[in-house]
file model.csv (CSV, C-alpha atoms)
chain,number,residue,atom,x,y,z
Y,1,MET,CA,132.3,102.1,91.8
Y,2,ALA,CA,135.9,103.0,90.6
Y,3,GLY,CA,137.6,103.9,87.4
Y,4,ILE,CA,141.2,104.2,86.2
Y,5,LEU,CA,141.7,107.8,84.9
Y,6,ASP,CA,145.4,107.7,84.0
Y,7,SER,CA,146.3,104.7,81.8
Y,8,LYS,CA,150.0,105.2,82.7
Y,9,SER,CA,149.7,105.5,86.5
Y,10,ARG,CA,148.2,103.1,89.0
Y,11,ILE,CA,145.6,105.6,90.3
Y,12,ILE,CA,142.0,104.5,91.1
Y,13,ASP,CA,139.2,107.1,91.3
Y,14,VAL,CA,136.6,106.0,93.8
Y,15,VAL,CA,133.0,107.1,93.3
Y,16,ILE,CA,130.6,106.8,96.2
Y,17,THR,CA,127.1,105.8,95.0
Y,18,ASP,CA,123.9,107.3,96.2
Y,19,GLN,CA,123.4,104.3,98.4
Y,20,GLY,CA,126.9,104.7,99.8
Y,21,ARG,CA,126.2,108.4,100.6
Y,22,ARG,CA,123.0,107.4,102.4
Y,23,GLN,CA,124.9,105.0,104.6
Y,24,ILE,CA,127.7,107.5,105.3
Y,25,SER,CA,125.1,110.1,106.5
Y,26,SER,CA,123.7,107.6,108.9
Y,27,GLY,CA,127.0,106.2,110.0
Y,28,GLN,CA,126.2,102.7,108.7
Y,29,MET,CA,128.7,102.4,105.8
Y,30,ARG,CA,131.2,99.5,106.2
Y,31,ILE,CA,133.4,98.4,103.4
Y,32,GLU,CA,133.8,94.6,103.9
Y,33,TYR,CA,134.1,93.1,100.4
Y,34,ALA,CA,135.4,94.3,97.0
Y,35,THR,CA,134.7,93.0,93.5
Y,36,PHE,CA,136.2,93.9,90.1
Y,37,THR,CA,134.2,94.2,86.9
Y,38,ASP,CA,135.0,95.0,83.3
Y,39,LEU,CA,131.5,96.5,82.7
Y,40,GLY,CA,133.1,99.8,81.6
Y,41,SER,CA,135.8,98.3,79.4
Y,42,PHE,CA,135.7,97.1,75.8
Y,43,TYR,CA,137.9,94.6,74.0
Y,44,SER,CA,139.1,94.8,70.4
Y,45,GLY,CA,141.5,92.6,68.4
Y,46,ASP,CA,142.7,91.5,65.0
Y,47,GLU,CA,141.4,88.7,62.9
Y,48,ASP,CA,143.7,86.2,64.7
Y,49,GLY,CA,142.0,86.9,68.0
Y,50,VAL,CA,144.9,88.9,69.5
Y,51,ILE,CA,143.7,91.6,71.8
Y,52,ASP,CA,144.9,95.2,71.1
Y,53,ASP,CA,147.1,96.9,73.6
Y,54,PRO,CA,144.8,98.6,76.1
Y,55,THR,CA,147.4,100.8,77.8
Y,56,THR,CA,146.9,103.6,75.3
Y,57,ARG,CA,143.3,104.0,76.1
Y,58,LEU,CA,141.9,106.6,78.5
Y,59,TYR,CA,138.8,105.6,80.5
Y,60,PHE,CA,136.2,108.0,81.8
Y,61,GLU,CA,134.9,108.1,85.3
Y,62,ALA,CA,133.1,104.9,86.3
Y,63,ALA,CA,129.3,105.0,86.0
Y,64,SER,CA,127.4,105.2,89.2
Y,65,ASP,CA,123.8,105.1,90.4
Y,66,LEU,CA,123.1,102.0,88.3
Y,67,PRO,CA,120.4,99.5,89.3
Y,68,SER,CA,123.1,96.9,89.9
Y,69,ASP,CA,124.7,99.1,92.6
Y,70,MET,CA,122.2,97.6,95.0
Y,71,ILE,CA,122.1,93.8,95.1
Y,72,THR,CA,120.3,93.3,98.4
Y,73,PHE,CA,117.4,95.3,99.8
Y,74,GLU,CA,118.0,98.2,102.3
Y,75,THR,CA,115.7,100.0,104.7
Y,76,ASP,CA,115.8,103.5,106.0
Y,77,ASP,CA,115.5,104.6,109.6
Y,78,SER,CA,111.7,104.2,109.5
Y,79,GLY,CA,111.9,100.6,108.4
Y,80,LEU,CA,110.7,101.3,104.8
Y,81,LEU,CA,112.4,99.9,101.8
Y,82,VAL,CA,114.9,102.2,100.0
Y,83,PRO,CA,113.9,102.4,96.3
Y,84,TYR,CA,115.1,99.3,94.4
Y,85,ARG,CA,114.9,98.6,90.7
Y,86,ALA,CA,115.8,95.8,88.4
Y,87,ASP,CA,114.9,94.9,84.8
Y,88,SER,CA,111.2,94.2,85.4
Y,89,PHE,CA,111.0,94.8,89.1
Y,90,GLY,CA,110.8,97.8,91.5
Y,91,ALA,CA,110.2,98.3,95.2
Y,92,SER,CA,109.9,101.4,97.4
Y,93,GLY,CA,108.5,101.9,100.8
Y,94,LYS,CA,106.0,99.0,101.1
Y,95,ASN,CA,105.1,98.9,97.5
Y,96,LEU,CA,106.2,96.2,95.0
Y,97,VAL,CA,106.0,96.6,91.3
Y,98,ILE,CA,106.4,93.7,88.9
Y,99,SER,CA,106.4,94.1,85.2
Y,100,GLY,CA,105.1,97.7,85.5
Y,101,SER,CA,102.1,96.8,87.7
Y,102,LEU,CA,101.6,96.8,91.4
Y,103,ARG,CA,101.8,93.4,93.0
Y,104,ASP,CA,98.5,91.5,93.4
Y,105,LYS,CA,98.4,91.1,97.2
Y,106,LYS,CA,97.2,87.5,96.8
Y,107,GLN,CA,100.2,86.4,94.7
Y,108,GLY,CA,102.7,86.0,97.5
Y,109,ALA,CA,104.6,83.1,95.9
Y,110,ALA,CA,105.1,84.9,92.6
Y,111,ALA,CA,106.2,88.0,94.4
Y,112,ALA,CA,108.8,86.0,96.4
Y,113,ALA,CA,110.2,84.6,93.2
Y,114,SER,CA,110.4,88.1,91.7
Y,115,ILE,CA,112.4,89.3,94.7
Y,116,SER,CA,115.0,86.5,94.3
Y,117,GLN,CA,115.1,87.0,90.6
Y,118,ALA,CA,115.7,90.7,91.0
Y,119,MET,CA,118.7,90.2,93.3
Y,120,LEU,CA,120.2,87.6,90.9
Y,121,GLU,CA,119.8,90.0,88.0
Y,122,SER,CA,121.5,92.8,89.9
Y,123,TRP,CA,124.4,90.5,90.7
Y,124,ASN,CA,124.8,89.3,87.1
Y,125,ASN,CA,124.6,92.9,85.8
Y,126,LEU,CA,127.7,93.7,87.8
Y,127,GLN,CA,129.7,91.5,85.4
Y,128,VAL,CA,132.1,90.6,88.2
Y,129,ILE,CA,135.5,89.3,87.0
Y,130,GLY,CA,136.1,85.8,88.5
Y,131,THR,CA,138.0,82.6,88.1
Y,132,LEU,CA,136.4,79.2,87.9
Y,133,ASP,CA,138.1,76.5,90.0
Y,134,PRO,CA,138.9,73.6,87.7
Y,135,LEU,CA,139.0,71.3,90.7
Y,136,ASP,CA,135.5,72.3,91.9
Y,137,ASP,CA,132.8,70.3,90.2
Y,138,SER,CA,130.0,72.2,92.1
Y,139,GLN,CA,129.4,75.7,90.7
Y,140,GLY,CA,125.7,76.0,91.3
Y,141,PHE,CA,123.4,76.5,94.3
Y,142,GLN,CA,120.4,74.3,95.0
Y,143,ALA,CA,118.2,73.7,98.0
Y,144,SER,CA,116.2,70.6,98.8
Y,145,ARG,CA,112.9,72.5,98.7
Y,146,GLN,CA,111.7,75.8,97.2
Y,147,GLN,CA,108.7,76.4,99.4
Y,148,ILE,CA,107.5,75.7,102.9
Y,149,SER,CA,104.0,76.1,104.3
Y,150,PHE,CA,103.2,76.4,108.0
Y,151,SER,CA,99.8,76.1,109.7
Y,152,ILE,CA,98.8,79.0,112.0
Y,153,LEU,CA,95.5,78.5,113.8
Y,154,ASN,CA,93.9,79.8,117.0
Y,155,ASP,CA,94.9,76.6,118.7
Y,156,PHE,CA,98.1,75.8,116.8
Y,157,PRO,CA,101.0,76.1,117.4
Y,158,PHE,CA,99.7,77.6,120.6
Y,159,THR,CA,98.7,75.4,123.6
Y,160,ALA,CA,96.2,76.1,126.3
Y,161,ASN,CA,99.0,77.5,128.5
Y,162,ASP,CA,100.6,79.7,125.9
Y,163,VAL,CA,100.1,83.4,125.4
Y,164,ASN,CA,98.4,83.8,122.0
Y,165,VAL,CA,97.6,87.5,122.4
Y,166,ALA,CA,100.1,90.0,123.7
Y,167,VAL,CA,100.2,93.7,124.3
Y,168,ILE,CA,103.4,95.5,123.1
Y,169,ASP,CA,103.7,97.3,126.4
Y,170,ASP,CA,103.7,93.9,128.2
Y,171,ILE,CA,106.5,92.4,126.1
Y,172,GLU,CA,110.1,92.8,127.3
Y,173,SER,CA,112.0,95.5,125.4
Y,174,LEU,CA,115.2,95.0,123.6
Y,175,ASN,CA,117.2,96.0,126.7
Y,176,HIS,CA,115.7,93.0,128.5
Y,177,ASP,CA,115.3,90.5,125.6
Y,178,VAL,CA,117.0,87.2,126.1
Y,179,ARG,CA,117.8,87.1,122.4
Y,180,LEU,CA,120.3,89.9,123.0
Y,181,SER,CA,121.6,88.8,126.4
Y,182,LYS,CA,124.8,87.4,124.9
Y,183,LEU,CA,125.9,90.9,123.8
Y,184,GLU,CA,128.1,93.0,126.1
Y,185,ASN,CA,125.8,96.0,125.7
Y,186,PHE,CA,122.8,94.1,126.9
Y,187,LYS,CA,124.3,92.2,129.8
Y,188,TYR,CA,123.7,93.0,133.5
Y,189,LEU,CA,126.5,95.4,134.3
Y,190,PRO,CA,126.0,97.0,137.7
Y,191,PRO,CA,128.5,99.8,138.6
Y,192,ILE,CA,131.3,98.6,140.9
Y,193,ASN,CA,133.9,100.2,143.1
Y,194,SER,CA,137.2,100.8,141.2
Y,195,ALA,CA,139.5,101.2,144.2
Y,196,GLY,CA,139.8,100.8,148.0
Y,197,ASP,CA,138.8,97.9,150.2
Y,198,LEU,CA,135.6,97.5,148.2
Y,199,ALA,CA,137.3,97.4,144.8
Y,200,GLY,CA,135.3,95.1,142.5
Y,201,ALA,CA,132.2,95.1,144.8
Y,202,PRO,CA,128.9,96.6,143.5
Y,203,ILE,CA,128.3,100.2,144.6
Y,204,GLY,CA,124.7,99.3,145.5
Y,205,ASN,CA,122.0,96.8,145.2
Y,206,PHE,CA,120.8,97.0,141.6
Y,207,PRO,CA,118.1,94.5,140.5
Y,208,ASN,CA,118.9,92.4,137.5
Y,209,LEU,CA,115.9,92.9,135.1
Y,210,ASN,CA,117.4,90.9,132.3
Y,211,GLU,CA,116.1,87.5,131.2
Y,212,THR,CA,118.5,84.7,132.0
Y,213,LEU,CA,120.6,83.5,129.2
Y,214,ASP,CA,119.8,79.9,128.2
Y,215,GLN,CA,123.2,78.2,128.4
Y,216,ASP,CA,121.7,74.7,128.0
Y,217,ARG,CA,121.3,73.7,124.4
Y,218,GLN,CA,118.8,70.9,125.2
Y,219,SER,CA,116.7,73.3,127.2
Y,220,PHE,CA,116.7,75.8,124.3
Y,221,GLU,CA,115.7,73.1,121.8
Y,222,SER,CA,112.9,71.8,124.0
Y,223,ARG,CA,111.2,75.2,123.8
Y,224,LEU,CA,111.2,74.9,120.0
Y,225,SER,CA,110.4,71.2,119.8
Y,226,SER,CA,106.7,71.7,120.2
Y,227,LEU,CA,106.6,74.1,117.2
Y,228,GLU,CA,106.1,73.2,113.6
Y,229,TYR,CA,109.4,73.1,111.7
Y,230,ALA,CA,110.9,72.1,108.4
Y,231,ASP,CA,114.4,71.1,107.3
Y,232,VAL,CA,116.1,72.5,104.2
Y,233,GLU,CA,119.3,70.9,102.9
Y,234,PHE,CA,121.8,72.5,100.6
Y,235,VAL,CA,122.2,69.7,98.1
Y,236,GLU,CA,124.5,71.8,95.9
Y,237,THR,CA,126.7,74.7,96.8
Y,238,SER,CA,130.2,76.2,96.4
Y,239,ILE,CA,133.4,75.3,98.2
Y,240,GLU,CA,133.2,78.6,100.2
Y,241,ASN,CA,129.5,77.8,101.0
Y,242,ASN,CA,128.7,81.6,101.1
Y,243,PHE,CA,125.2,82.8,100.5
Y,244,VAL,CA,123.1,85.9,101.2
Y,245,MET,CA,119.8,85.6,103.0
Y,246,GLN,CA,117.1,88.2,103.6
Y,247,THR,CA,113.6,87.8,105.1
Y,248,PHE,CA,110.4,89.6,104.0
Y,249,GLU,CA,106.8,89.7,104.9
Y,250,LEU,CA,104.2,90.0,102.1
Y,251,SER,CA,100.8,90.8,103.5
Y,252,GLU,CA,97.5,92.2,102.1
Y,253,ASP,CA,97.5,95.0,104.7
Y,254,ASP,CA,101.1,96.2,105.0
Y,255,GLY,CA,102.5,95.2,101.6
Y,256,MET,CA,106.2,94.3,101.6
Y,257,ILE,CA,108.2,94.6,104.8
Y,258,LYS,CA,111.8,93.6,105.3
Y,259,LEU,CA,112.0,91.7,108.6
Y,260,ASP,CA,114.6,92.4,111.3
Y,261,VAL,CA,117.0,89.5,112.2
Y,262,ILE,CA,118.7,89.0,115.6
Y,263,ASP,CA,121.8,86.8,115.5
Y,264,TYR,CA,121.7,84.7,118.7
Y,265,GLY,CA,125.2,83.3,118.0
Y,266,SER,CA,126.6,79.8,117.6
Y,267,ARG,CA,126.8,76.8,119.9
Y,268,SER,CA,127.7,73.1,119.6
Y,269,SER,CA,125.1,70.7,118.2
Y,270,THR,CA,123.6,68.2,120.5
Y,271,THR,CA,123.8,65.5,117.8
Y,272,ASP,CA,127.3,66.1,116.7
Y,273,LYS,CA,129.7,68.1,119.0
Y,274,SER,CA,132.1,68.7,116.1
Y,275,LYS,CA,129.4,70.9,114.3
Y,276,MET,CA,128.1,74.3,115.3
Y,277,VAL,CA,124.5,75.5,115.2
Y,278,ARG,CA,123.8,79.2,114.5
Y,279,THR,CA,120.4,80.6,115.5
Y,280,LEU,CA,118.7,83.6,113.9
Y,281,PHE,CA,115.4,85.2,115.1
Y,282,ALA,CA,113.4,86.9,112.4
Y,283,GLY,CA,110.6,89.3,113.3
Y,284,LYS,CA,109.6,93.0,113.7
Y,285,ILE,CA,110.5,95.8,116.0
Y,286,PHE,CA,107.8,97.9,117.5
Y,287,ILE,CA,107.9,101.0,119.8
Y,288,ASP,CA,105.9,100.4,123.0
Y,289,GLY,CA,104.0,103.0,124.9
Y,290,PHE,CA,107.1,103.9,126.9
Y,291,GLY,CA,109.2,104.7,123.8
Y,292,ASN,CA,111.2,101.5,124.0
Y,293,PRO,CA,111.9,99.3,121.0
Y,294,THR,CA,110.4,95.8,121.4
Y,295,PHE,CA,111.2,92.8,119.2
Y,296,VAL,CA,108.4,90.4,118.3
Y,297,ASN,CA,109.7,87.1,117.0
Y,298,ILE,CA,107.9,85.5,114.1
Y,299,PHE,CA,110.0,82.5,113.2
Y,300,THR,CA,113.4,81.0,114.1
Y,301,ILE,CA,116.1,79.9,111.6
Y,302,GLU,CA,118.9,77.5,112.6
Y,303,PHE,CA,122.0,76.7,110.4
Y,304,GLU,CA,124.0,73.6,111.1

call {"tool": "encode", "arguments": {"input": "model.csv", "output": "structure tokens"}}
result
Amino acid sequence: MAGILDSKSRIIDVVITDQGRRQISSGQMRIEYATFTDLGSFYSGDEDGVIDDPTTRLYFEAASDLPSDMITFETDDSGLLVPYRADSFGASGKNLVISGSLRDKKQGAAAAASISQAMLESWNNLQVIGTLDPLDDSQGFQASRQQISFSILNDFPFTANDVNVAVIDDIESLNHDVRLSKLENFKYLPPINSAGDLAGAPIGNFPNLNETLDQDRQSFESRLSSLEYADVEFVETSIENNFVMQTFELSEDDGMIKLDVIDYGSRSSTTDKSKMVRTLFAGKIFIDGFGNPTFVNIFTIEFE
């Protein structure tokens, strides 16, 4: 939040919110976007509708620690939700409170709707200053479907040759996960000689324990073709086509959990080479018996 303290000088006082301080302490704060709001301002004028000169007014420090300071949900280092509140909604840890009562664990659809409504309320309460494009007829956001149901049984979507029960210690850790193999930090990088006749050659014979990156789009899609899927089209959106997405798990045992998402990157579509397909993996991260973080994929999202 920021406030103009001197009405005659172009000086902006920046106030770090509690959420910002938490991110600074963990080294996770990144300022990527800025918005302007007139929430702390007031307007007055005469009977003819002419606004009074505001340059003689002196504004106080901008208010901070407001519910609207958090639009999306955040988690701490342990994976639990940071306290979040809206008009009739609250979340902390794994608990979800709707209209002053703990969520009924059997009302998953109603809870999901409350999460989306809380994020929208926080955004609207910011009272962001914006400009409507007169040439843009589409100002709303609408998807082709609001709910998708999948069937998960003992024999579906698993086949006779699939692994339907796995031990965390037997699953590859993040260091060897193919979903991260495109990143430099997770690639096979054996030490090499930097000088001499063997410059550029490996110092020794180091085994490559990483999974092989799937470069073939068709091979990648074939692994997903046997799984149940659903298409969602954005029938109405803005010119910028920007949106925010978060994934959660609502269960009777663990309450509300924000899922982790791995960005697999973009690649050309097999149906239209002029379009790009971006793949995201949503799931959970567990710590195995060796102390290594292990990602368990729950479902896959593709944007085209």

call {"tool": "residues_around", "arguments": {"input": "model.csv", "residues": "Asn175 of chain Y", "least_positions_apart": "6", "cutoff": "9 Å", "atoms": "all atoms listed in the file", "output": "PyMOL selection string"}}
result
chain Y and resi 181+185-187+210+292-294

call {"tool": "write_last_selection", "arguments": {"input": "model.csv", "atoms": "C-alpha atoms", "output": "mmCIF file, in the frame of the given file"}}
result
data_model
loop_
_atom_site.group_PDB
_atom_site.id
_atom_site.type_symbol
_atom_site.label_atom_id
_atom_site.label_comp_id
_atom_site.auth_asym_id
_atom_site.auth_seq_id
_atom_site.Cartn_x
_atom_site.Cartn_y
_atom_site.Cartn_z
ATOM 1 C CA SER Y 181 121.600 88.800 126.400
ATOM 2 C CA ASN Y 185 125.800 96.000 125.700
ATOM 3 C CA PHE Y 186 122.800 94.100 126.900
ATOM 4 C CA LYS Y 187 124.300 92.200 129.800
ATOM 5 C CA ASN Y 210 117.400 90.900 132.300
ATOM 6 C CA ASN Y 292 111.200 101.500 124.000
ATOM 7 C CA PRO Y 293 111.900 99.300 121.000
ATOM 8 C CA THR Y 294 110.400 95.800 121.400
#

call {"tool": "atom_distance", "arguments": {"input": "model.csv", "atom1": "atom CA of Leu250 of chain Y", "atom2": "atom CA of Asn95 of chain Y"}}
result
10.1 Å

call {"tool": "closest_residue", "arguments": {"input": "model.csv", "among": "Y:Ala160, Y:Leu209, Y:Leu183, Y:Val167", "to": "Asp288 of chain Y", "atoms": "all atoms listed in the file"}}
result
Y:Val167

call {"tool": "axis_aligned_box", "arguments": {"input": "model.csv", "around": "segment 33-43 of chain Y", "padding_each_side": "3 Å", "output": "AutoDock Vina command-line options"}}
result
--center_x 134.7 --center_y 96.4 --center_z 87.2 --size_x 12.4 --size_y 12.8 --size_z 32.4

call {"tool": "atom_distance", "arguments": {"input": "model.csv", "atom1": "atom CA of Ser225 of chain Y", "atom2": "atom CA of Phe299 of chain Y"}}
result
13.1 Å

call {"tool": "residues_near_point", "arguments": {"input": "model.csv", "point": "(119.3, 107.3, 89.0)", "cutoff": "12 Å", "atoms": "all atoms listed in the file", "output": "NGL selection string"}}
result
:Y and (17-19 or 63-70 or 83-85)

call {"tool": "closest_residue", "arguments": {"input": "model.csv", "among": "Y:Ile168, Y:Leu180, Y:Ile285, Y:Ala110", "to": "Asp77 of chain Y", "atoms": "all atoms listed in the file"}}
result
Y:Ile285

call {"tool": "atom_distance", "arguments": {"input": "model.csv", "atom1": "atom CA of Thr72 of chain Y", "atom2": "atom CA of Val244 of chain Y"}}
result
8.4 Å

call {"tool": "residues_around", "arguments": {"input": "model.csv", "residues": "Arg278 of chain Y", "least_positions_apart": "2", "cutoff": "7 Å", "atoms": "all atoms listed in the file", "output": "ChimeraX atom specification"}}
result
/Y:265-267,276,280,302-304

call {"tool": "closest_residue", "arguments": {"input": "model.csv", "among": "Y:Ala62, Y:Ala282, Y:Ala112, Y:Ile16", "to": "Tyr264 of chain Y", "atoms": "all atoms listed in the file"}}
result
Y:Ala282

call {"tool": "closest_residue", "arguments": {"input": "model.csv", "among": "Y:Thr131, Y:Gln23, Y:Ser41, Y:Ser144", "to": "Glu236 of chain Y", "atoms": "all atoms listed in the file"}}
result
Y:Ser144

call {"tool": "closest_residue", "arguments": {"input": "model.csv", "among": "Y:Gly255, Y:Pro157, Y:Gly93, Y:Pro202", "to": "Ser226 of chain Y", "atoms": "all atoms listed in the file"}}
result
Y:Pro157

call {"tool": "closest_residue", "arguments": {"input": "model.csv", "among": "Y:Tyr33, Y:Trp123, Y:Phe156, Y:Phe248", "to": "Thr75 of chain Y", "atoms": "all atoms listed in the file"}}
result
Y:Phe248

call {"tool": "residues_around", "arguments": {"input": "model.csv", "residues": "Leu126 of chain Y", "least_positions_apart": "4", "cutoff": "9 Å", "atoms": "all atoms listed in the file", "output": "list in words"}}
result
Phe36, Thr37, Asp38, Leu39, Ser68, Asp69, Glu121 and Ser122 of chain Y
